[in-house]
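J.: My structure file run-v3.txt, compact mmCIF, C-alpha atoms, is below:
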```
# COMPACT_ATOMS: atom_id res chain seq x y z
CA MET A 1 122.58 358.17 -138.98
CA ARG A 2 121.76 356.21 -135.83
CA THR A 3 125.30 356.52 -134.51
CA ARG A 4 125.35 360.23 -135.38
CA ILE A 5 122.22 360.80 -133.32
CA ALA A 6 123.66 358.66 -130.50
CA CYS A 7 126.84 360.72 -130.53
CA THR A 8 124.92 363.99 -130.54
CA VAL A 9 122.80 362.86 -127.63
CA TRP A 10 125.96 361.70 -125.89
CA CYS A 11 127.60 365.11 -126.35
CA MET A 12 124.62 366.70 -124.68
CA VAL A 13 124.63 364.14 -121.86
CA LEU A 14 128.33 364.83 -121.37
CA ALA A 15 127.43 368.47 -120.96
CA GLY A 16 124.71 367.63 -118.47
CA CYS A 17 122.03 368.55 -121.02
CA ALA A 18 122.87 372.16 -120.31
CA GLN A 19 125.38 374.63 -121.57
CA ASN A 20 128.61 373.34 -120.11
CA TYR A 21 130.32 371.63 -123.00
CA PRO A 22 134.04 371.03 -122.60
CA GLN A 23 135.71 374.07 -124.10
CA ASN A 24 139.11 372.52 -124.69
CA ALA A 25 140.82 369.13 -124.86
CA GLN A 26 141.80 369.14 -121.19
CA GLU A 27 138.24 369.82 -120.03
CA PHE A 28 137.09 367.00 -122.32
CA ARG A 29 139.62 364.56 -120.77
CA GLU A 30 138.47 365.52 -117.29
CA ALA A 31 134.79 365.10 -118.17
CA ILE A 32 135.06 361.64 -119.70
CA PRO A 33 135.69 359.41 -116.63
CA GLY A 34 132.45 360.43 -114.93
CA ALA A 35 130.32 360.76 -118.04
CA PHE A 36 127.50 358.44 -119.11
CA MET A 37 128.38 356.15 -122.05
CA ALA A 38 131.93 357.41 -122.24
CA LYS A 39 135.23 355.69 -121.72
CA VAL A 40 138.99 355.90 -121.99
CA GLN A 41 140.59 353.21 -124.13
CA THR A 42 144.26 352.53 -123.54
CA PHE A 43 146.69 350.40 -125.49
CA GLU A 44 150.34 350.13 -126.33
CA ALA A 45 151.80 350.76 -129.78
CA LYS A 46 155.12 349.14 -130.53
CA ARG A 47 156.46 352.24 -132.24
CA PRO A 48 158.39 355.26 -131.00
CA LEU A 49 156.41 358.38 -130.14
CA ARG A 50 157.93 360.35 -133.01
CA ASP A 51 156.62 357.79 -135.54
CA VAL A 52 153.14 357.85 -134.00
CA ALA A 53 153.18 361.67 -134.02
CA LYS A 54 154.29 361.71 -137.64
CA THR A 55 151.44 359.41 -138.65
CA PHE A 56 148.89 361.45 -136.70
CA GLN A 57 150.14 364.60 -138.44
CA ALA A 58 149.94 362.98 -141.87
CA ARG A 59 146.65 361.13 -141.57
CA ALA A 60 144.44 363.19 -139.27
CA PRO A 61 144.06 366.29 -141.46
CA GLU A 62 143.65 364.24 -144.63
CA CYS A 63 141.16 361.79 -143.19
CA LEU A 64 139.28 363.75 -140.56
CA ASN A 65 138.90 367.28 -141.92
CA VAL A 66 135.78 366.34 -143.82
CA SER A 67 132.18 367.41 -144.16
CA VAL A 68 129.32 364.94 -143.98
CA ARG A 69 125.79 365.65 -145.06
CA SER A 70 123.13 363.24 -143.82
CA VAL A 71 119.68 363.23 -145.26
CA SER A 72 116.91 361.01 -143.99
CA GLN A 73 113.30 361.17 -144.88
CA SER A 74 110.17 359.35 -143.89
CA SER A 75 106.47 360.06 -144.38
CA THR A 76 106.47 362.22 -141.25
CA SER A 77 109.95 363.65 -140.96
CA TYR A 78 112.84 365.09 -142.88
CA GLN A 79 116.37 365.62 -141.60
CA ASN A 80 119.21 367.30 -143.40
CA ILE A 81 122.31 367.64 -141.26
CA LEU A 82 125.62 369.11 -142.35
CA THR A 83 128.50 368.27 -140.05
CA VAL A 84 132.03 369.60 -140.44
CA TYR A 85 134.77 367.71 -138.61
CA HIS A 86 137.89 369.50 -137.52
CA ALA A 87 141.06 367.64 -136.50
CA THR A 88 143.99 369.16 -134.65
CA VAL A 89 147.32 367.48 -133.93
CA VAL A 90 149.62 368.95 -131.32
CA SER A 91 152.99 367.35 -130.71
CA ASN A 92 156.22 367.87 -128.86
CA PRO A 93 159.02 365.45 -127.84
CA GLN A 94 157.02 364.33 -124.76
CA LYS A 95 153.53 363.93 -126.18
CA ALA A 96 151.34 363.89 -129.27
CA GLU A 97 147.66 364.78 -129.11
CA LEU A 98 144.93 364.34 -131.68
CA HIS A 99 141.73 366.29 -131.08
CA LEU A 100 138.62 365.77 -133.17
CA GLN A 101 135.78 368.28 -133.04
CA ARG A 102 132.37 368.12 -134.66
CA ASP A 103 130.66 371.28 -135.84
CA PHE A 104 127.01 371.04 -136.80
CA LYS A 105 126.53 373.60 -139.56
CA SER A 106 122.86 372.91 -140.16
CA GLY A 107 120.07 370.65 -139.03
CA VAL A 108 121.06 370.47 -135.34
CA LEU A 109 120.48 373.04 -132.62
CA VAL A 110 123.11 372.82 -129.92
CA PRO A 111 121.90 374.38 -126.66
CA GLY A 112 124.95 375.98 -125.15
CA LYS A 113 128.33 377.44 -125.83
CA VAL A 114 130.10 375.49 -128.54
CA PRO A 115 133.89 375.84 -128.47
CA PRO A 116 135.64 377.18 -131.59
CA GLY A 117 135.85 374.30 -134.09
CA GLY A 118 132.88 372.45 -132.65
CA LEU A 119 132.04 370.04 -129.85
CA TYR A 120 134.88 367.79 -128.77
CA MET A 121 134.23 364.25 -129.97
CA VAL A 122 137.45 362.33 -129.38
CA VAL A 123 140.86 363.14 -127.90
CA ALA A 124 143.77 360.72 -128.37
CA ASP A 125 146.98 361.14 -126.39
CA ALA A 126 150.26 359.42 -127.24
CA THR A 127 153.00 359.35 -124.61
CA PRO A 128 156.28 357.43 -124.65
CA ILE A 129 156.69 354.25 -122.58
CA ASP A 130 160.28 353.88 -123.69
CA LYS A 131 162.28 354.52 -126.87
CA SER A 132 160.35 352.01 -128.95
CA ARG A 133 156.88 351.87 -127.37
CA THR A 134 154.10 354.41 -126.98
CA ARG A 135 151.03 354.47 -124.76
CA ILE A 136 147.80 355.60 -126.43
CA ASP A 137 144.81 356.90 -124.47
CA ILE A 138 141.65 357.58 -126.44
CA TYR A 139 138.92 359.60 -124.70
CA GLY A 140 135.47 359.51 -126.21
CA PRO A 141 132.01 357.99 -126.31
CA SER A 142 131.62 354.26 -125.75
CA VAL A 143 129.19 353.96 -128.67
CA GLY A 144 129.20 355.29 -132.19
CA THR A 145 132.91 355.89 -132.62
CA ASP A 146 134.12 352.34 -133.26
CA THR A 147 135.28 353.09 -136.81
CA LEU A 148 137.10 356.23 -135.73
CA VAL A 149 138.84 354.46 -132.83
CA ARG A 150 139.89 351.60 -135.13
CA ALA A 151 141.38 354.11 -137.57
CA ILE A 152 143.31 355.95 -134.84
CA THR A 153 144.51 352.57 -133.53
CA GLY A 154 145.70 351.66 -137.04
CA TRP A 155 147.61 354.94 -137.33
CA ALA A 156 149.19 354.54 -133.90
CA THR A 157 150.35 350.97 -134.53
CA GLY A 158 151.20 351.66 -138.18
CA GLU A 159 149.19 348.59 -139.19
CA ASN A 160 146.45 350.38 -141.14
CA LEU A 161 146.77 353.91 -142.50
CA GLY A 162 143.27 354.01 -143.95
CA CYS A 163 140.70 356.71 -143.27
CA PRO A 164 137.53 356.12 -141.27
CA ASP A 165 134.26 356.46 -143.13
CA MET A 166 132.94 359.41 -141.16
CA THR A 167 129.40 358.74 -142.32
CA LYS A 168 129.57 355.81 -139.87
CA SER A 169 130.70 357.98 -136.94
CA MET B 1 145.46 369.71 -145.04
CA MET B 2 141.94 370.11 -146.36
CA GLY B 3 140.46 373.51 -145.57
CA PRO B 4 136.80 374.02 -144.70
CA ARG B 5 135.96 375.24 -148.23
CA ALA B 6 137.70 372.30 -149.86
CA ALA B 7 136.00 369.94 -147.42
CA LEU B 8 132.64 371.49 -148.20
CA ARG B 9 133.34 371.24 -151.93
CA LEU B 10 134.21 367.56 -151.59
CA ALA B 11 131.10 367.01 -149.49
CA LEU B 12 128.94 368.62 -152.16
CA LEU B 13 130.50 366.42 -154.81
CA LEU B 14 129.88 363.35 -152.65
CA PHE B 15 126.35 364.46 -151.89
CA ALA B 16 125.64 364.98 -155.56
CA ALA B 17 126.96 361.51 -156.26
CA ALA B 18 124.94 359.99 -153.43
CA ALA B 19 121.82 361.72 -154.62
CA GLY B 20 122.16 359.85 -157.86
CA CYS B 21 122.50 363.00 -159.94
CA SER B 22 121.46 362.41 -163.48
CA SER B 23 124.36 364.56 -164.65
CA LEU B 24 126.79 361.71 -164.03
CA LYS B 25 128.24 360.38 -167.25
CA PRO B 26 130.82 357.76 -168.17
CA TYR B 27 134.40 358.97 -168.35
CA PRO B 28 135.45 358.96 -172.00
CA SER B 29 138.22 356.79 -173.38
CA VAL B 30 141.50 358.70 -173.45
CA ALA B 31 144.69 357.33 -175.01
CA PRO B 32 147.16 356.33 -173.80
CA GLU B 33 145.76 354.46 -170.79
CA ASN B 34 148.32 355.63 -168.25
CA VAL B 35 146.34 354.91 -165.07
CA VAL B 36 145.25 351.65 -163.48
CA VAL B 37 142.82 351.61 -160.57
CA LYS B 38 142.94 348.43 -158.49
CA SER B 39 140.10 348.24 -156.05
CA ALA B 40 138.93 345.98 -153.24
CA ILE B 41 135.61 347.14 -151.85
CA GLU B 42 133.60 345.28 -149.22
CA SER B 43 130.70 346.52 -147.15
CA GLY B 44 131.55 344.20 -144.27
CA SER B 45 127.88 343.39 -143.75
CA VAL B 46 125.42 341.03 -145.41
CA LEU B 47 122.70 343.64 -144.90
CA SER B 48 124.30 346.35 -146.95
CA SER B 49 126.23 346.83 -150.13
CA MET B 50 129.04 349.17 -151.03
CA ARG B 51 129.92 350.54 -154.44
CA GLY B 52 132.96 352.48 -155.49
CA SER B 53 133.45 354.99 -158.27
CA VAL B 54 135.81 357.73 -159.26
CA HIS B 55 134.62 361.09 -160.54
CA ILE B 56 137.18 362.79 -162.78
CA HIS B 57 137.39 366.56 -163.16
CA GLU B 58 139.68 368.70 -165.27
CA LEU B 59 141.51 371.46 -163.46
CA ASP B 60 142.31 374.77 -165.10
CA SER B 61 145.22 377.02 -164.17
CA GLY B 62 143.06 378.72 -161.58
CA CYS B 63 142.29 375.35 -159.94
CA HIS B 64 138.66 375.44 -161.04
CA THR B 65 137.13 372.03 -161.61
CA SER B 66 135.17 370.92 -164.63
CA TYR B 67 133.48 367.53 -164.41
CA VAL B 68 134.49 365.14 -167.20
CA GLY B 69 133.02 361.80 -166.24
CA THR B 70 132.77 358.90 -163.83
CA VAL B 71 134.31 355.43 -163.78
CA LYS B 72 132.55 352.74 -161.76
CA LEU B 73 134.95 350.60 -159.77
CA ASP B 74 133.00 347.42 -160.48
CA ARG B 75 136.01 345.34 -161.49
CA PRO B 76 139.19 344.61 -159.52
CA SER B 77 141.33 346.40 -162.11
CA ILE B 78 140.32 349.20 -164.46
CA ALA B 79 142.54 351.10 -166.89
CA LEU B 80 141.88 354.67 -167.94
CA GLY B 81 143.70 357.55 -169.54
CA LEU B 82 144.35 360.94 -168.03
CA PRO B 83 145.81 363.67 -170.22
CA ALA B 84 149.53 364.07 -169.56
CA GLU B 85 150.79 367.41 -168.29
CA HIS B 86 147.26 368.47 -167.39
CA ALA B 87 146.02 368.44 -163.84
CA SER B 88 142.99 366.30 -163.07
CA TYR B 89 141.06 366.07 -159.81
CA LEU B 90 139.96 362.56 -158.96
CA VAL B 91 137.31 362.00 -156.31
CA PHE B 92 137.00 358.43 -155.11
CA VAL B 93 133.56 357.80 -153.71
CA PHE B 94 132.34 354.87 -151.64
CA GLU B 95 128.59 354.68 -151.61
CA GLY B 96 126.76 352.36 -149.27
CA SER B 97 123.16 351.32 -149.29
CA SER B 98 121.02 349.20 -147.04
CA LEU B 99 119.50 346.11 -148.63
CA PHE B 100 116.17 347.11 -147.09
CA GLY B 101 116.40 350.56 -148.65
CA GLY B 102 116.07 353.92 -147.03
CA THR B 103 119.66 354.49 -146.07
CA THR B 104 122.50 355.59 -148.25
CA SER B 105 125.78 357.13 -147.33
CA SER B 106 128.89 358.14 -149.16
CA ALA B 107 132.45 358.87 -148.18
CA GLY B 108 135.36 359.71 -150.31
CA ALA B 109 138.78 361.06 -150.94
CA GLY B 110 139.97 363.53 -153.53
CA THR B 111 143.39 363.98 -155.02
CA VAL B 112 144.97 366.07 -157.75
CA LEU B 113 147.13 364.25 -160.29
CA LYS B 114 149.16 365.78 -163.11
CA PRO B 115 150.53 362.81 -165.05
CA ARG B 116 154.00 363.08 -166.51
CA PRO B 117 154.42 361.94 -170.12
CA GLY B 118 155.55 358.32 -170.35
CA TYR B 119 154.83 357.56 -166.71
CA ARG B 120 152.24 355.16 -165.38
CA TYR B 121 150.07 355.56 -162.30
CA GLU B 122 148.48 352.92 -160.15
CA PHE B 123 145.78 353.65 -157.60
CA ALA B 124 145.21 351.05 -154.89
CA VAL B 125 141.74 351.67 -153.56
CA SER B 126 140.25 349.75 -150.65
CA TYR B 127 137.17 349.92 -148.47
CA LYS B 128 136.71 347.37 -145.73
CA ASP B 129 134.89 347.52 -142.40
CA SER B 130 134.20 351.26 -142.84
CA ILE B 131 137.88 352.10 -143.36
CA TYR B 132 139.04 353.24 -146.76
CA ASN B 133 142.37 353.96 -148.32
CA VAL B 134 143.54 355.45 -151.59
CA VAL B 135 147.23 355.11 -152.42
CA VAL B 136 148.76 356.26 -155.71
CA ARG B 137 152.10 355.14 -157.06
CA GLU B 138 154.01 356.55 -160.01
CA SER B 139 156.31 354.38 -162.11
CA ASP B 140 158.53 354.92 -165.10
CA PRO B 141 158.28 351.87 -167.39
CA ARG B 142 161.57 352.83 -169.07
CA LYS B 143 163.63 352.79 -165.87
CA GLY B 144 161.56 350.57 -163.57
CA GLY B 145 160.89 351.29 -159.92
CA SER B 146 158.02 353.25 -158.46
CA ARG B 147 157.28 355.72 -155.73
CA GLU B 148 154.24 356.57 -153.67
CA LEU B 149 152.80 360.02 -154.27
CA PRO B 150 151.20 361.98 -151.47
CA ARG B 151 147.54 362.76 -151.97
CA GLN B 152 147.28 366.36 -153.07
CA GLN B 153 144.24 368.35 -152.04
CA LEU B 154 142.58 370.88 -154.31
CA ARG B 155 143.78 373.73 -152.14
CA GLY B 156 147.40 373.04 -153.07
CA CYS B 157 146.82 372.48 -156.76
CA GLY B 158 148.32 375.82 -157.79
CA ALA B 159 151.57 375.09 -155.98
```
Can the structure from this file be put into structure tokens for me?
T.:
Amino acid sequence: MRTRIACTVWCMVLAGCAQNYPQNAQEFREAIPGAFMAKVQTFEAKRPLRDVAKTFQARAPECLNVSVRSVSQSSTSYQNILTVYHATVVSNPQKAELHLQRDFKSGVLVPGKVPPGGLYMVVADATPIDKSRTRIDIYGPSVGTDTLVRAITGWATGENLGCPDMTKS
Amino acid sequence: MMGPRAALRLALLLFAAAAGCSSLKPYPSVAPENVVVKSAIESGSVLSSMRGSVHIHELDSGCHTSYVGTVKLDRPSIALGLPAEHASYLVFVFEGSSLFGGTTSSAGAGTVLKPRPGYRYEFAVSYKDSIYNVVVRESDPRKGGSRELPRQQLRGCGA
């Protein structure tokens, strides 16, 4: 719950607390370098791009197209948030992209124009270094997405094909 | 790929499980025991615990689910029987709770399985450091050898 709130706050900070949320993956990439509590993580996977793309295509829809309902209650408050995550993988021989969007269906008011599919949360780009190595760039918040980034790293390297527990994201 | 309705359906099942619904009941014994679930579940923190379970639903020809029962994954290896030539929907749920109370969460994965007569199925289920995996393999004891089956979502159950 704490990381969910941190991520939500971060999304709003990224948008300058106003209405200018990134409306597509490219706008999200461009917003990250100058954003508060955001970073680009880069590493090298010792696998060809086509293998990385294949894993993204297999794992992202299965693991990331999920709904999470969070309920928290205290003597003075009650929160019931339904979040639907939406993953998109786009690939061609030169690049593979994984986009993850977060759509708050209830319990959160988002002040501004939300792109179709929800607010952009993470974008991961895979580009070839050579025939057997691939560069991965992951754009996203610097807090609250550790599990998700570890999962994407596992898919890219082929070392762990497990799904992230999105209740921890 | 899981569609929004299927995702919502899975979320509702998980939410019902997390809410500790009293309607949960033990999965009945079915012969033959053609499925083994091997699980390794760790919370990764001394301040929280993680439990695993699998909710089993029957599927009719229209892909409608009917809850049959739940098996707690409280042992490393558990055998159970699923009716051959009938589709079942298995929802693996990982439920975490804080030792100090107040916080619970659940995540999970669903898959459709229609066992073939005479075949055996092994689920390898893991949860470690907030990453989970469910892999199912089918083997034919008469011929030997096994193959991994892709997880099949509810949406494709009529195919």
J.: Separation of atom CA of A:Ala58 and atom CA of B:Ala40, in Å?
T.: 23.2 Å
J.: Could the residues of chain A within 8 Å of chain B, counting only C-alpha atoms, be given as a ChimeraX atom specification, please?
T.: /A:61-62,65-70,72,84,147,151,161-168
J.: Return the single residue from A:Ile81, A:Gly34, A:Val122, A:Leu98 that is closest to A:Val143, with distances computed using all atoms listed in the file.
T.: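 Of A:Ile81, A:Gly34, A:Val122, A:Leu98, the one nearest A:Val143, counting all atoms listed in the file, is A:Val122.
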J.: Mind checking which residues fall within 8 Å of stretch 137-140 of chain B, counting all atoms listed in the file, ignoring those fewer than 2 positions away in the same chain, and posting them as a list of chain:residue names?
T.: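 Answer for this query is B:Gly118, B:Tyr119, B:Arg120, B:Tyr121, B:Glu122, B:Phe123, B:Val135, B:Arg142, B:Lys143, B:Gly144, B:Gly145, B:Ser146, B:Arg147, B:Glu148, B:Leu149.
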J.: Hey, can you spit out that residue selection with C-alpha atoms as an mmCIF file, in the frame of the given file?
T.:
```cif
data_model
loop_
_atom_site.group_PDB
_atom_site.id
_atom_site.type_symbol
_atom_site.label_atom_id
_atom_site.label_comp_id
_atom_site.auth_asym_id
_atom_site.auth_seq_id
_atom_site.Cartn_x
_atom_site.Cartn_y
_atom_site.Cartn_z
ATOM 1 C CA GLY B 118 155.550 358.320 -170.350
ATOM 2 C CA TYR B 119 154.830 357.560 -166.710
ATOM 3 C CA ARG B 120 152.240 355.160 -165.380
ATOM 4 C CA TYR B 121 150.070 355.560 -162.300
ATOM 5 C CA GLU B 122 148.480 352.920 -160.150
ATOM 6 C CA PHE B 123 145.780 353.650 -157.600
ATOM 7 C CA VAL B 135 147.230 355.110 -152.420
ATOM 8 C CA ARG B 142 161.570 352.830 -169.070
ATOM 9 C CA LYS B 143 163.630 352.790 -165.870
ATOM 10 C CA GLY B 144 161.560 350.570 -163.570
ATOM 11 C CA GLY B 145 160.890 351.290 -159.920
ATOM 12 C CA SER B 146 158.020 353.250 -158.460
ATOM 13 C CA ARG B 147 157.280 355.720 -155.730
ATOM 14 C CA GLU B 148 154.240 356.570 -153.670
ATOM 15 C CA LEU B 149 152.800 360.020 -154.270
#
```
J.: Give me, as a PyMOL selection string, all polymer residues having an atom no more than 10 Å from B:Val112, counting only C-alpha atoms and skipping those fewer than 6 positions away in the same chain.
T.: chain B and resi 56-59+63+87-91+150-157
J.: From the options A:Tyr139, A:Thr145, A:Gln57, A:Val114, which residue's atoms come nearest to A:Ala35, counting all atoms listed in the file?
T.: A:Tyr139
J.: Just give me the gap between atom CA of A:Ala60 and atom CA of A:Leu119 in Å, one decimal is fine.
T.: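 Computing the Euclidean distance for atom CA of A:Ala60 and atom CA of A:Leu119 yields 17.0 Å.
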J.: What is the atom CA of B:Ser45 to atom CA of A:Pro141 distance in Å?
T.: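 So the two atoms, atom CA of B:Ser45 and atom CA of A:Pro141, lie 23.1 Å apart.
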J.: Neighbours of A:Val149 within 10 Å (only C-alpha atoms; same-chain residues fewer than 5 positions away dropped), as a list of chain:residue names?
T.: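 Near neighbours after the sequence-gap exclusion: A:Gln41, A:Val122, A:Ala124, A:Ile138, A:Tyr139, A:Gly140, A:Gly144, A:Gly154, A:Trp155, A:Pro164, A:Ser169.
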J.: Need to verify the contact set: A:His99, 9 Å, all atoms listed in the file, exclusion of same-chain residues closer than 6 positions in sequence. Can you return it as a list in words?
T.: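 Final neighbour list, sorted by chain and number: Ala25, His86, Ala87, Thr88, Val89, Val90, Tyr120, Met121, Val122, Val123, Ala124 and Asp125 of chain A.
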J.: Please provide the set of residues having any atom within 10 Å of A:Phe43, restricted to all atoms listed in the file, with same-chain residues fewer than 3 positions apart removed, written as a PyMOL selection string.
T.: chain A and resi 46+126+134-138+153+156-157
J.: From the set B:Leu73, B:Leu82, B:Val46, B:Ala124, which residue has the shortest atom-to-atom contact distance to B:Val30, counting all atoms listed in the file?
T.: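 The shortest atom-to-atom distance to B:Val30 comes from B:Leu82.
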J.: Looking at B:Val54, B:Val136, B:Leu24, B:Val125, which one is nearest to B:Glu42, with distances taken over only C-alpha atoms?
T.: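 Smallest distance to B:Glu42 is found for B:Val125.
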